[in-house]
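J.: Input structure: work.txt, which contains compact mmCIF, C-alpha atoms.
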```txt
# COMPACT_ATOMS: atom_id res chain seq x y z
CA MET A 1 -64.70 -65.71 -67.18
CA LEU A 2 -63.08 -68.59 -65.33
CA THR A 3 -59.68 -67.46 -66.57
CA LEU A 4 -60.32 -63.91 -65.33
CA LEU A 5 -61.43 -65.14 -61.89
CA THR A 6 -58.41 -67.39 -61.66
CA SER A 7 -56.12 -64.48 -62.55
CA VAL A 8 -57.73 -62.25 -59.92
CA TYR A 9 -57.41 -65.02 -57.32
CA LEU A 10 -53.74 -65.49 -58.14
CA VAL A 11 -53.07 -61.77 -57.85
CA VAL A 12 -54.89 -61.59 -54.50
CA ARG A 13 -52.91 -64.61 -53.27
CA ALA A 14 -49.68 -63.05 -54.44
CA VAL A 15 -50.18 -59.74 -52.64
CA SER A 16 -51.92 -61.06 -49.52
CA PRO A 17 -49.81 -60.04 -46.52
CA GLN A 18 -47.71 -62.82 -45.01
CA ALA A 19 -46.79 -62.87 -41.34
CA GLU A 20 -43.87 -60.69 -40.26
CA PRO A 21 -40.63 -62.68 -40.07
CA ILE A 22 -39.54 -63.80 -36.63
CA ARG A 23 -35.89 -63.67 -35.58
CA VAL A 24 -34.54 -67.00 -34.37
CA LEU A 25 -31.04 -67.35 -32.94
CA VAL A 26 -29.07 -70.60 -32.89
CA THR A 27 -25.73 -70.53 -31.04
CA GLY A 28 -22.99 -73.04 -31.68
CA ALA A 29 -24.32 -72.70 -35.21
CA ALA A 30 -21.30 -74.27 -36.92
CA GLY A 31 -21.61 -77.43 -34.81
CA GLN A 32 -23.15 -80.78 -35.64
CA ILE A 33 -26.43 -80.37 -33.70
CA ALA A 34 -27.09 -77.07 -35.49
CA TYR A 35 -26.28 -78.71 -38.82
CA SER A 36 -29.09 -81.21 -38.18
CA LEU A 37 -31.40 -78.49 -36.81
CA LEU A 38 -31.25 -75.48 -39.13
CA TYR A 39 -32.96 -77.05 -42.14
CA SER A 40 -36.00 -78.07 -40.07
CA ILE A 41 -36.37 -74.56 -38.64
CA ALA A 42 -35.87 -72.87 -42.02
CA LYS A 43 -38.43 -75.02 -43.85
CA GLY A 44 -41.20 -74.36 -41.34
CA ASP A 45 -41.28 -77.55 -39.24
CA VAL A 46 -40.98 -75.65 -35.96
CA PHE A 47 -42.64 -72.22 -36.09
CA GLY A 48 -45.26 -72.97 -38.75
CA LYS A 49 -45.60 -73.47 -42.48
CA ASP A 50 -46.57 -69.83 -43.10
CA GLN A 51 -44.12 -68.15 -40.69
CA PRO A 52 -41.17 -66.43 -42.40
CA ILE A 53 -37.87 -66.74 -40.53
CA ILE A 54 -34.75 -64.65 -40.11
CA LEU A 55 -32.08 -67.09 -38.91
CA VAL A 56 -29.27 -65.64 -36.81
CA LEU A 57 -26.26 -67.93 -36.50
CA LEU A 58 -23.80 -67.21 -33.68
CA ASP A 59 -20.49 -68.94 -33.11
CA ILE A 60 -16.97 -68.17 -31.94
CA PRO A 61 -14.57 -66.35 -34.34
CA PRO A 62 -12.53 -69.46 -35.36
CA MET A 63 -15.76 -71.11 -36.60
CA LEU A 64 -16.83 -68.25 -38.91
CA PRO A 65 -15.35 -69.83 -42.09
CA VAL A 66 -17.34 -73.02 -41.35
CA LEU A 67 -20.42 -70.88 -40.70
CA ASP A 68 -20.04 -69.35 -44.17
CA GLY A 69 -20.41 -72.86 -45.59
CA VAL A 70 -23.57 -73.43 -43.55
CA VAL A 71 -24.99 -70.15 -44.86
CA MET A 72 -24.24 -71.20 -48.45
CA GLU A 73 -26.05 -74.49 -47.90
CA LEU A 74 -29.09 -72.79 -46.40
CA GLN A 75 -29.22 -70.45 -49.40
CA ASP A 76 -28.88 -73.45 -51.73
CA CYS A 77 -31.89 -75.14 -50.11
CA ALA A 78 -34.02 -72.36 -51.72
CA LEU A 79 -36.48 -72.32 -48.82
CA PRO A 80 -39.34 -69.82 -49.31
CA LEU A 81 -39.80 -69.08 -45.59
CA LEU A 82 -36.13 -68.26 -45.02
CA ARG A 83 -35.92 -64.48 -45.52
CA GLU A 84 -32.41 -63.85 -44.27
CA VAL A 85 -29.45 -65.66 -42.70
CA ILE A 86 -27.14 -63.63 -40.48
CA PRO A 87 -23.84 -65.28 -39.45
CA THR A 88 -22.01 -63.48 -36.64
CA ASP A 89 -19.60 -63.77 -33.72
CA LYS A 90 -20.92 -60.60 -32.03
CA VAL A 91 -23.53 -60.79 -29.28
CA GLU A 92 -24.95 -57.34 -30.10
CA VAL A 93 -25.83 -58.66 -33.56
CA GLY A 94 -26.76 -62.18 -32.49
CA PHE A 95 -29.18 -61.29 -29.70
CA LYS A 96 -30.88 -58.24 -31.24
CA ASP A 97 -34.72 -58.25 -31.28
CA LEU A 98 -35.02 -62.02 -30.90
CA ASP A 99 -38.31 -63.90 -30.80
CA ALA A 100 -36.62 -67.23 -30.01
CA ALA A 101 -33.12 -68.20 -28.86
CA ILE A 102 -31.82 -71.77 -29.05
CA LEU A 103 -28.57 -71.86 -27.09
CA VAL A 104 -26.79 -74.96 -28.35
CA GLY A 105 -23.20 -73.80 -27.97
CA SER A 106 -21.38 -74.54 -24.72
CA MET A 107 -17.97 -75.63 -23.52
CA PRO A 108 -17.79 -79.42 -23.97
CA ARG A 109 -16.17 -81.54 -21.30
CA LYS A 110 -12.61 -82.39 -22.28
CA GLU A 111 -10.60 -85.35 -21.11
CA GLY A 112 -9.25 -84.86 -17.60
CA MET A 113 -11.55 -81.88 -16.97
CA GLU A 114 -13.14 -81.71 -13.50
CA ARG A 115 -16.89 -81.09 -13.41
CA LYS A 116 -16.33 -77.82 -11.53
CA ASP A 117 -13.96 -76.61 -14.28
CA LEU A 118 -16.66 -77.38 -16.83
CA LEU A 119 -19.20 -75.45 -14.75
CA LYS A 120 -16.85 -72.48 -14.39
CA ALA A 121 -16.29 -72.24 -18.17
CA ASN A 122 -20.02 -72.47 -18.88
CA VAL A 123 -21.00 -69.96 -16.19
CA ALA A 124 -18.86 -67.41 -18.07
CA ILE A 125 -20.54 -68.27 -21.40
CA PHE A 126 -24.12 -68.22 -20.14
CA LYS A 127 -23.61 -65.14 -17.98
CA THR A 128 -22.52 -63.30 -21.15
CA GLN A 129 -25.40 -64.68 -23.20
CA GLY A 130 -27.97 -63.97 -20.46
CA ALA A 131 -26.74 -60.38 -20.22
CA ALA A 132 -26.97 -60.08 -24.03
CA LEU A 133 -30.55 -61.39 -23.98
CA ASP A 134 -31.34 -58.84 -21.27
CA LYS A 135 -29.84 -55.97 -23.24
CA TYR A 136 -30.78 -56.73 -26.87
CA ALA A 137 -33.60 -59.32 -27.16
CA LYS A 138 -37.35 -58.80 -27.00
CA LYS A 139 -38.71 -59.24 -23.47
CA THR A 140 -41.07 -61.88 -24.87
CA VAL A 141 -38.19 -64.02 -26.22
CA LYS A 142 -38.46 -67.76 -25.60
CA VAL A 143 -35.08 -69.19 -24.64
CA LEU A 144 -34.17 -72.87 -24.92
CA VAL A 145 -30.84 -73.97 -23.44
CA VAL A 146 -29.37 -77.13 -24.97
CA GLY A 147 -25.66 -76.81 -24.17
CA ASN A 148 -24.65 -78.91 -21.16
CA PRO A 149 -24.89 -78.84 -18.20
CA ALA A 150 -28.20 -77.59 -19.61
CA ASN A 151 -30.25 -77.11 -16.42
CA THR A 152 -27.61 -75.06 -14.61
CA ASN A 153 -26.58 -73.16 -17.76
CA CYS A 154 -30.26 -72.22 -18.16
CA LEU A 155 -30.46 -71.01 -14.56
CA ILE A 156 -27.34 -68.85 -15.00
CA ALA A 157 -28.68 -67.35 -18.25
CA SER A 158 -31.99 -66.54 -16.55
CA LYS A 159 -30.32 -64.95 -13.52
CA SER A 160 -28.19 -62.85 -15.90
CA ALA A 161 -31.33 -61.57 -17.70
CA PRO A 162 -33.44 -60.14 -14.87
CA SER A 163 -35.75 -58.16 -17.19
CA ILE A 164 -36.92 -61.31 -19.00
CA PRO A 165 -39.45 -63.48 -17.11
CA LYS A 166 -37.99 -66.69 -15.64
CA GLU A 167 -40.85 -68.56 -17.29
CA ASN A 168 -39.40 -67.69 -20.72
CA PHE A 169 -36.37 -69.91 -20.05
CA SER A 170 -36.35 -73.68 -20.44
CA CYS A 171 -33.79 -76.40 -20.99
CA LEU A 172 -33.93 -79.46 -23.18
CA THR A 173 -35.02 -82.74 -21.61
CA ARG A 174 -37.22 -83.61 -24.59
CA LEU A 175 -34.48 -85.84 -25.99
CA ASP A 176 -34.61 -87.91 -22.81
CA HIS A 177 -38.42 -87.85 -22.99
CA ASN A 178 -38.36 -89.08 -26.60
CA ARG A 179 -35.83 -91.78 -25.69
CA ALA A 180 -38.12 -92.99 -22.90
CA SER A 181 -41.21 -92.98 -25.15
CA SER A 182 -39.34 -94.92 -27.82
CA GLN A 183 -38.09 -97.57 -25.36
CA VAL A 184 -41.65 -98.14 -24.11
CA ALA A 185 -43.01 -98.26 -27.67
CA MET A 186 -40.40 -100.79 -28.81
CA ARG A 187 -41.05 -102.95 -25.75
CA CYS A 188 -44.80 -102.96 -26.50
CA GLY A 189 -44.38 -103.43 -30.25
CA VAL A 190 -46.24 -100.22 -31.10
CA SER A 191 -45.25 -96.99 -32.88
CA SER A 192 -43.96 -94.17 -30.69
CA ASP A 193 -47.08 -92.02 -31.23
CA LYS A 194 -49.03 -94.68 -29.31
CA VAL A 195 -47.15 -93.76 -26.11
CA LYS A 196 -47.92 -90.61 -24.13
CA ASN A 197 -47.21 -88.98 -20.78
CA VAL A 198 -43.83 -90.42 -19.91
CA ILE A 199 -41.98 -88.03 -17.59
CA ILE A 200 -38.37 -87.00 -17.19
CA TRP A 201 -37.82 -85.59 -13.70
CA GLY A 202 -34.80 -83.50 -12.76
CA ASN A 203 -31.41 -82.98 -14.36
CA HIS A 204 -30.37 -83.67 -17.94
CA SER A 205 -27.66 -85.99 -16.64
CA SER A 206 -27.29 -89.61 -15.63
CA THR A 207 -29.28 -88.88 -12.43
CA GLN A 208 -32.43 -87.97 -14.38
CA TYR A 209 -35.48 -90.06 -13.51
CA PRO A 210 -37.48 -91.44 -16.48
CA ASP A 211 -40.88 -92.21 -14.96
CA VAL A 212 -43.67 -94.21 -16.64
CA HIS A 213 -46.03 -94.52 -13.67
CA HIS A 214 -48.43 -92.07 -15.38
CA ALA A 215 -47.70 -93.07 -18.98
CA LYS A 216 -50.33 -94.57 -21.28
CA VAL A 217 -49.86 -96.96 -24.19
CA ASN A 218 -52.42 -97.54 -26.94
CA VAL A 219 -52.30 -101.25 -27.77
CA HIS A 220 -54.68 -102.45 -30.54
CA GLY A 221 -56.88 -99.39 -30.05
CA SER A 222 -57.15 -99.80 -26.28
CA GLU A 223 -55.35 -97.33 -23.98
CA MET A 224 -53.76 -98.81 -20.89
CA ALA A 225 -51.21 -97.89 -18.23
CA ALA A 226 -47.62 -98.50 -19.32
CA TYR A 227 -46.98 -100.85 -16.39
CA ASP A 228 -49.99 -102.96 -17.48
CA ALA A 229 -48.95 -102.92 -21.14
CA ILE A 230 -45.35 -103.95 -20.44
CA LYS A 231 -45.98 -106.37 -17.56
CA ASP A 232 -42.34 -106.33 -16.49
CA ASP A 233 -41.84 -104.21 -13.39
CA ALA A 234 -38.21 -105.29 -12.98
CA TRP A 235 -37.34 -103.95 -16.46
CA LEU A 236 -39.24 -100.70 -15.89
CA ARG A 237 -37.45 -100.08 -12.58
CA GLY A 238 -34.06 -101.27 -13.82
CA ASP A 239 -32.78 -101.54 -17.38
CA PHE A 240 -35.37 -99.11 -18.79
CA ILE A 241 -34.23 -96.33 -16.46
CA SER A 242 -30.51 -96.95 -16.95
CA THR A 243 -30.88 -97.23 -20.75
CA VAL A 244 -32.49 -93.77 -20.92
CA GLN A 245 -30.09 -92.25 -18.39
CA LEU A 246 -27.01 -93.52 -20.22
CA ARG A 247 -28.24 -93.30 -23.82
CA GLY A 248 -26.15 -90.24 -24.66
CA ALA A 249 -22.97 -92.02 -23.57
CA ALA A 250 -23.98 -95.10 -25.57
CA VAL A 251 -24.39 -92.99 -28.72
CA ILE A 252 -20.97 -91.37 -28.20
CA LYS A 253 -19.37 -94.80 -27.70
CA ALA A 254 -20.92 -96.08 -30.94
CA ARG A 255 -20.59 -92.98 -33.18
CA LYS A 256 -17.56 -91.35 -31.56
CA LEU A 257 -19.76 -88.22 -31.71
CA SER A 258 -22.59 -87.02 -29.49
CA SER A 259 -26.28 -87.25 -30.41
CA ALA A 260 -27.06 -84.72 -33.16
CA MET A 261 -29.97 -85.94 -35.30
CA SER A 262 -32.03 -86.98 -32.27
CA ALA A 263 -31.05 -83.84 -30.33
CA ALA A 264 -32.13 -81.64 -33.25
CA LYS A 265 -35.46 -83.50 -33.51
CA ALA A 266 -36.04 -83.00 -29.76
CA ILE A 267 -35.25 -79.26 -30.05
CA CYS A 268 -37.84 -79.00 -32.84
CA ASP A 269 -40.44 -80.87 -30.74
CA HIS A 270 -39.74 -78.65 -27.71
CA MET A 271 -39.97 -75.33 -29.57
CA ARG A 272 -42.98 -76.39 -31.65
CA ASP A 273 -44.85 -77.28 -28.45
CA ILE A 274 -43.98 -73.89 -26.94
CA TRP A 275 -45.26 -72.16 -30.08
CA PHE A 276 -48.40 -74.22 -30.70
CA GLY A 277 -49.14 -75.91 -27.38
CA THR A 278 -49.40 -79.52 -26.23
CA LYS A 279 -52.25 -81.84 -27.22
CA GLU A 280 -55.30 -82.07 -24.99
CA GLY A 281 -54.75 -84.62 -22.22
CA GLU A 282 -51.03 -84.96 -22.91
CA PHE A 283 -47.95 -83.60 -21.22
CA ILE A 284 -44.28 -83.43 -22.18
CA SER A 285 -41.04 -82.96 -20.25
CA MET A 286 -39.14 -79.66 -20.04
CA GLY A 287 -36.57 -78.22 -17.69
CA VAL A 288 -38.31 -75.17 -16.21
CA TYR A 289 -38.04 -72.90 -13.19
CA ALA A 290 -39.08 -74.87 -10.11
CA GLY A 291 -40.55 -71.93 -8.16
CA GLY A 292 -43.98 -72.75 -6.70
CA ASN A 293 -43.92 -76.43 -7.70
CA SER A 294 -46.13 -78.86 -5.77
CA TYR A 295 -43.64 -81.76 -5.72
CA GLY A 296 -41.32 -80.60 -2.94
CA ILE A 297 -38.46 -79.76 -5.32
CA PRO A 298 -36.17 -76.90 -4.15
CA GLU A 299 -37.43 -73.70 -5.75
CA ASP A 300 -34.37 -71.96 -7.18
CA LEU A 301 -33.58 -74.63 -9.79
CA ILE A 302 -34.25 -75.41 -13.42
CA TYR A 303 -35.73 -78.91 -13.03
CA SER A 304 -37.46 -81.14 -15.56
CA PHE A 305 -41.18 -81.55 -14.86
CA PRO A 306 -44.21 -82.78 -16.78
CA VAL A 307 -45.74 -79.67 -18.36
CA GLN A 308 -48.69 -78.67 -20.49
CA ILE A 309 -48.44 -75.63 -22.76
CA LYS A 310 -51.12 -73.24 -23.95
CA ASN A 311 -50.73 -69.75 -25.49
CA LYS A 312 -46.92 -70.12 -25.32
CA THR A 313 -47.16 -70.52 -21.52
CA TRP A 314 -46.18 -73.72 -19.71
CA LYS A 315 -47.74 -75.06 -16.55
CA VAL A 316 -46.41 -77.92 -14.43
CA VAL A 317 -48.90 -80.79 -14.26
CA ASP A 318 -49.94 -80.96 -10.61
CA GLY A 319 -51.51 -83.72 -8.56
CA LEU A 320 -49.65 -86.75 -9.93
CA SER A 321 -49.22 -89.41 -7.26
CA ILE A 322 -45.58 -90.06 -6.32
CA ASN A 323 -44.63 -93.38 -4.71
CA ASP A 324 -41.57 -93.95 -2.52
CA PHE A 325 -39.51 -95.33 -5.43
CA SER A 326 -40.17 -92.19 -7.50
CA ARG A 327 -39.67 -89.86 -4.54
CA ALA A 328 -36.16 -91.16 -3.90
CA LYS A 329 -35.19 -90.79 -7.58
CA MET A 330 -36.67 -87.29 -7.82
CA ASP A 331 -34.82 -86.18 -4.69
CA ALA A 332 -31.50 -87.66 -5.84
CA THR A 333 -31.51 -85.71 -9.11
CA ALA A 334 -32.62 -82.55 -7.25
CA ALA A 335 -29.66 -82.94 -4.88
CA GLU A 336 -27.28 -83.03 -7.83
CA LEU A 337 -28.87 -79.88 -9.25
CA VAL A 338 -28.58 -78.06 -5.90
CA GLU A 339 -24.88 -78.91 -5.79
CA GLU A 340 -24.38 -77.75 -9.40
CA ARG A 341 -26.31 -74.54 -8.74
CA ASP A 342 -24.34 -73.68 -5.59
CA THR A 343 -20.99 -74.24 -7.36
CA ALA A 344 -22.15 -72.19 -10.36
CA LEU A 345 -23.45 -69.32 -8.22
CA ASP A 346 -20.08 -69.16 -6.45
CA PHE A 347 -18.42 -68.64 -9.85
CA LEU A 348 -21.12 -66.16 -10.90
CA SER A 349 -20.41 -63.94 -7.89
CA GLN A 350 -16.63 -63.88 -8.49
```
Show this structure as structure tokens.

T.:
Amino acid sequence: MLTLLTSVYLVVRAVSPQAEPIRVLVTGAAGQIAYSLLYSIAKGDVFGKDQPIILVLLDIPPMLPVLDGVVMELQDCALPLLREVIPTDKVEVGFKDLDAAILVGSMPRKEGMERKDLLKANVAIFKTQGAALDKYAKKTVKVLVVGNPANTNCLIASKSAPSIPKENFSCLTRLDHNRASSQVAMRCGVSSDKVKNVIIWGNHSSTQYPDVHHAKVNVHGSEMAAYDAIKDDAWLRGDFISTVQLRGAAVIKARKLSSAMSAAKAICDHMRDIWFGTKEGEFISMGVYAGGNSYGIPEDLIYSFPVQIKNKTWKVVDGLSINDFSRAKMDATAAELVEERDTALDFLSQ
């Protein structure tokens, strides 16, 4: 009898309907960030342990042979959730019916390149990709821009996809957020999960403002303000901020390559929080559309704010007190973003 019941159970389990696969695009898919990212997505760390995935890998034509190798490796991982891998260099294939788009690929800054030249090259890329999202993707698609300059690239993509809500676009400042949390945790001698509610304000650049005025640290089971836990205001207003702001450059100097493992982890954190929401009483940092914000930030920007997420919808955390020190830092990074935006919009209209 037990054997019969077990057999019936196994048959029911075997034929029980699994969720429909979702289509997830990663651009720059032959690059090193994607190489650190794709396995985590395909094994269920981001969109859920019972969510089948169709991975769409987009890159430029010269990278297609490398992409074939990535596809072989994904197949060789024998991951049960990974239903299909589609390598392509064509936007009409890459952007079709997407549920999520992770735009990692961008034009990197080359030696001797002026910032405006970098912006011009990336405006062309993200105008094309925004238009492709508009034409081929689901209107509910969630778009994460990682390629730098991420905030302005995200704004250009959004403006080039008018039929997709602005709220569906975000850019990655979670790496900066994780860097800030880790610095605080190491300073306090606790694990990083004991730190919450650090904030990255503004641009994903060296003007970003890592802010711990509202952060909490759990020390020996007791939650306290980060400033009280650290007891070193000079460090928090000096070396802490510059360490987080310049961490990417420090990694490049040491590795001779940009952050990949930590960037991939941050992408996973960001997308998982969009899909499943943030924890009660906690907020994370994301570059989002600044329209209607309560912090006096110019509206037509993608700016990093503290956000909470529920039902795949983010909301900026309002009502946080801002002192004069923070105000000046928040305004400085906003000014840089306004300048980037204006330069980019000039190129967009050409």

J.: One decimal, Å: what's the distance from atom CA of A:Val71 over to atom CA of A:Ala42, could you say?

T.: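 According to the coordinates, atom CA of A:Val71 and atom CA of A:Ala42 are separated by 11.6 Å.
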
J.: Pick out the closest residue to A:Ala150 from this set: A:Asp97, A:Asp50, A:Asp318, A:Glu340. Count only C-alpha atoms.

T.: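 Going through A:Asp97, A:Asp50, A:Asp318, A:Glu340 one by one, the smallest distance to A:Ala150 is for A:Glu340.
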
J.: Could you tell me how far atom CA of A:Ile53 sits from atom CA of A:Asp134, in Å to one decimal place?

T.: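 Value for the atom CA of A:Asp134-atom CA of A:Ile53 distance: 21.8 Å.
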
J.: Take atom CA of A:Leu301 and atom CA of A:Ala334 and report the distance between them in Å, one decimal.

T.: 8.4 Å

J.: Of the candidates A:Gly277, A:Gly130, A:Gly105, A:Pro80, which shows the shortest atom-to-atom distance to A:Pro165, using all atoms listed in the file?

T.: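 The answer is A:Gly130, which sits nearest to A:Pro165.
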
J.: Within 12 Å of (-47.1, -80.0, -16.9) (file coordinates; only C-alpha atoms), which protein or nucleic acid residues are there? I'd like them as JSON, numbers by chain.

T.: {"A": [197, 198, 199, 200, 201, 277, 278, 279, 280, 281, 282, 283, 284, 285, 286, 287, 288, 290, 293, 294, 295, 304, 305, 306, 307, 308, 309, 310, 313, 314, 315, 316, 317, 318, 319, 320]}

J.: List the spatial neighbours of A:Val146 as a PyMOL selection string - criterion: any atom at most 12 Å away, all atoms listed in the file, same-chain residues fewer than 2 positions off excluded.

T.: chain A and resi 26-28+33-34+101-108+126+143-144+148-154+157+169-175+204+259-260+263-264+266-268+270-271+286-287

J.: Just the residues within 8 Å of stretch 325-333 of chain A, please, counting all atoms listed in the file, with nothing from its chain fewer than 6 positions along; format it as an MDAnalysis selection string.

T.: chainID A and resid 201:203 207:209 211 297

J.: When you count all atoms listed in the file, which of these residues is closest to A:Leu58: A:Glu223, A:Asp117, A:Asp89, A:Glu167?

T.: A:Asp89

J.: Residues at most 7 Å from stretch 244-257 of chain A, counting only C-alpha atoms, excluding those fewer than 2 positions away in the same chain, as a VMD selection string?

T.: chain A and resid 176 179 to 180 205 to 208 240 to 242 259

J.: Give the centre and edge lengths of an axis-aligned box, in Å to one decimal, that holds all listed atoms of stretch 92-96 of chain A with 5 Å on each side, as lines of an AutoDock Vina configuration file.

T.:
```
center_x = -27.9
center_y = -59.8
center_z = -31.6
size_x = 15.9
size_y = 14.8
size_z = 13.9
```

J.: Counting only C-alpha atoms, which residues sit no farther than 10 Å from the position (-52.8, -95.9, -25.7) in the file's frame? I'd like them as a VMD selection string.

T.: chain A and resid 190 193 to 196 215 to 226 229

J.: Of the residues A:Ala132, A:Ile60, A:Ile274, A:Leu236, which is the one nearest to A:Phe47, using all atoms listed in the file?

T.: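 When distances to A:Phe47 are compared using all atoms listed in the file, the smallest one comes from A:Ile274.
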
J.: Closest to A:Leu348 among A:Leu119, A:Tyr39, A:Arg109, A:Ile54, using all atoms listed in the file?

T.: A:Leu119

J.: Which residue is closest to A:Arg272? Choose from A:Ser40, A:Asn178, A:Ser158, A:Ser258 and count all atoms listed in the file.

T.: A:Ser40
